[in-house]
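Read through the structure below, which is laid out as structure tokens, and then see the notes.
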Amino acid sequence: MEFFSSMLDVTLRTAKTTTTMSKKKRLIIPIFIPFAGCPSRCVFCDQEGITGKGQMPSAGDVTRVIESHLASWKGSGEKEAAFYGGTFTALPVETQRRYLEVAFGYVRSGGLDSLRVSTRPDCVSNETVELLTAYGVKTVELGVQSMDDEVLKLSGRGHGVNDSIEAVRLLKEHGLTVGLQFMPGLPGDTEAAIIKTAEEMIALRPAFARVYPALVLKGTALHRMYLDGQYSPWPLDEMVKICERILTLFNQAGIPIVRMGLQPTTELRESIVDGPYHPSFRQLVDNLRQTRF
Ligand code: SF4
């Protein structure tokens with residue numbers, strides 16, 4: 001999750017994440033790398049937080065993070081290490097290898113079951129995918145954000161819809177599990193564009209999706225657009241309504257949305273200027289959904 005993870009911190013951070021997608025709890029060990037490799041600056045990304053202050057984790061840091069999570073893990077589900085933040089596949093190949101080598105050592109020894117990384121659609125090629133699969137990566141989370149070229153352009157994404165379609169095709173062709181990240185409410189977004197994005201993402205048949213409504217964060221280009229009157233964030237109630245429709249569409253297609261709304265952290269709360277934020281955003285969507293049945 002390129003945006004989500006870069007938002008959280010500029011330095012190596014860890015948190016234990018479990019998912020109940022299967023009956024057995026799964027351990028995902030997040031290894032946050034600071035903003036790195038991104039070929040363009042997305043207007044919503046917290047540049048203040050992701051430039052200057054962060055340090056790339058060393059190989060030793062990666063080992064320590066994995067060891068500490070494994071030591072305290074009591075579950076019996078699959079165990080995975082995930083490189084989140086920035087654009088993993090656009091890092092220099094030697095850097096990717098250095099990180100993957102450490103983590104893959106745990107896969108080889110049976111300490112972990114697999115690895116995952118997050119990246120952008122325009123940074124996926126045959127070479128990058130072959131490197132990932134050679135090092136035990138099974139899942140790639142792709143920051144697609146929108147399936148509308150105008151929205152992508154206004155958001156400074158630097159890639160188009162076709163890049164997303166091609167990236168998903170390539171990743172799947174190599175047998176990788178693909179998760180898509182969706183950011184409704186970006187500049188230029190309309191109800192129709194958001195529903196079109198949901199439908200076109202579903203047509204790509206990802207294994208799962210994450211939905212993070214667009215927020216205005218301090219120091220971003222979006223913040224400047226907001227101050228200049230060029231961007232108005234979606235009101236919370238409108239965003240909850242459209243996310244309920246998104247959830248319904250994904251549910252009908254049998255594709256789980258594993259997260260809706262950013263994780264409430266102190267850093268996030270301090271960074272938000274405006275936008276449809278709620279610490280229990282998914283709960284609001286689920287509550288609305290229940291009233292419809
Ligand atoms: S690709 Fe965009 S959203 Fe992702 S970390 Fe880079 S600047 Fe931020």
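Letters A, B, ... mark the chains of the structure tokens in the order given; residue numbers begin at 1 per chain; ligand numbers begin at 1, in order shown.
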
Q.
At a cut-off of 7 Å around ligand 1, and using only C-alpha atoms and all ligand atoms, what residues come up? Please write them as an NGL selection string.
A. :A and (2-3 or 6 or 35 or 38 or 40-42 or 44-45 or 85-87 or 120 or 157)

Contacts of segment 63-133 of chain A with segment 170-181 of chain A up to 10 Å, shortest pair per row, only C-alpha atoms, as JSON lines:
{"residue": "A:Arg116", "atom": "CA", "partner": "A:Thr177", "partner_atom": "CA", "distance": 9.1}
{"residue": "A:Ser118", "atom": "CA", "partner": "A:Gly179", "partner_atom": "CA", "distance": 9.0}
{"residue": "A:Arg120", "atom": "CA", "partner": "A:Gln181", "partner_atom": "CA", "distance": 9.8}
{"residue": "A:Pro121", "atom": "CA", "partner": "A:Leu180", "partner_atom": "CA", "distance": 9.9}
{"residue": "A:Val124", "atom": "CA", "partner": "A:Leu170", "partner_atom": "CA", "distance": 7.8}
{"residue": "A:Ser125", "atom": "CA", "partner": "A:Leu170", "partner_atom": "CA", "distance": 7.4}
{"residue": "A:Asn126", "atom": "CA", "partner": "A:Leu170", "partner_atom": "CA", "distance": 7.3}
{"residue": "A:Thr128", "atom": "CA", "partner": "A:Leu171", "partner_atom": "CA", "distance": 9.8}
{"residue": "A:Val129", "atom": "CA", "partner": "A:Leu171", "partner_atom": "CA", "distance": 6.7}
{"residue": "A:Glu130", "atom": "CA", "partner": "A:His174", "partner_atom": "CA", "distance": 7.9}
{"residue": "A:Leu132", "atom": "CA", "partner": "A:Leu176", "partner_atom": "CA", "distance": 9.4}
{"residue": "A:Thr133", "atom": "CA", "partner": "A:His174", "partner_atom": "CA", "distance": 7.8}

Q) Contacts of Asp237 of chain A at 10 Å or less, counting only C-alpha atoms, minus same-chain residues fewer than 3 places along, as a PyMOL selection string? A) chain A and resi 234+240-243+276+284-285

Q. Nearest to Leu288 of chain A: which of A:Val117, A:Arg245, A:Val140, A:Ile255 is it, counting only C-alpha atoms?
A. A:Arg245

Q: List every residue of segment 78-262 of chain A that DSSP, applied to the backbone, labels as strand (DSSP E or B), and write the result as number ranges by chain.
A: A: 79-84, 114-119, 137-145, 177-182, 208-211, 216-217, 257-260

Quick one: write out the picked residues with C-alpha atoms as an mmCIF file, in the first residue's frame?
data_model
loop_
_atom_site.group_PDB
_atom_site.id
_atom_site.type_symbol
_atom_site.label_atom_id
_atom_site.label_comp_id
_atom_site.auth_asym_id
_atom_site.auth_seq_id
_atom_site.Cartn_x
_atom_site.Cartn_y
_atom_site.Cartn_z
ATOM 1 C CA LYS A 79 2.986 -15.929 8.197
ATOM 2 C CA GLU A 80 4.079 -13.268 5.769
ATOM 3 C CA ALA A 81 6.492 -10.320 5.664
ATOM 4 C CA ALA A 82 5.289 -7.309 3.658
ATOM 5 C CA PHE A 83 7.335 -4.429 2.297
ATOM 6 C CA TYR A 84 5.062 -1.421 2.328
ATOM 7 C CA SER A 114 5.635 -15.968 1.787
ATOM 8 C CA LEU A 115 6.402 -12.310 1.105
ATOM 9 C CA ARG A 116 4.395 -9.422 -0.296
ATOM 10 C CA VAL A 117 5.243 -5.965 -1.612
ATOM 11 C CA SER A 118 3.290 -2.890 -2.629
ATOM 12 C CA THR A 119 3.992 -0.873 -5.743
ATOM 13 C CA VAL A 137 6.925 -12.967 -3.193
ATOM 14 C CA LYS A 138 3.398 -14.280 -3.601
ATOM 15 C CA THR A 139 1.291 -11.139 -3.264
ATOM 16 C CA VAL A 140 1.582 -7.696 -4.839
ATOM 17 C CA GLU A 141 -0.574 -4.794 -3.702
ATOM 18 C CA LEU A 142 -1.041 -2.336 -6.529
ATOM 19 C CA GLY A 143 -1.933 1.318 -5.961
ATOM 20 C CA VAL A 144 -4.468 1.714 -8.749
ATOM 21 C CA GLN A 145 -6.480 4.464 -6.994
ATOM 22 C CA THR A 177 -1.898 -12.814 -5.989
ATOM 23 C CA VAL A 178 -2.951 -9.243 -6.726
ATOM 24 C CA GLY A 179 -4.615 -6.796 -4.353
ATOM 25 C CA LEU A 180 -5.800 -3.393 -5.553
ATOM 26 C CA GLN A 181 -5.845 -0.101 -3.694
ATOM 27 C CA PHE A 182 -8.713 2.272 -4.466
ATOM 28 C CA PHE A 208 -8.807 -8.438 -2.554
ATOM 29 C CA ALA A 209 -9.030 -4.653 -2.414
ATOM 30 C CA ARG A 210 -8.375 -1.854 0.033
ATOM 31 C CA VAL A 211 -10.378 1.372 -0.089
ATOM 32 C CA VAL A 216 -6.456 16.470 2.596
ATOM 33 C CA LEU A 217 -3.178 16.064 4.469
ATOM 34 C CA ILE A 257 -12.436 -5.473 0.735
ATOM 35 C CA VAL A 258 -9.952 -6.118 3.496
ATOM 36 C CA ARG A 259 -9.756 -2.512 4.654
ATOM 37 C CA MET A 260 -11.853 0.626 4.255
#

Q: Using DSSP on the backbone, list every residue of segment 51-109 of chain A that comes out as helix (DSSP H, G or I), and give them as a ChimeraX atom specification.
A: /A:59-72,88-90,93-108

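Taking atom CA of Gly60 of chain A as the reference point, atom CA of Thr266 of chain A is found at 27.1 Å.
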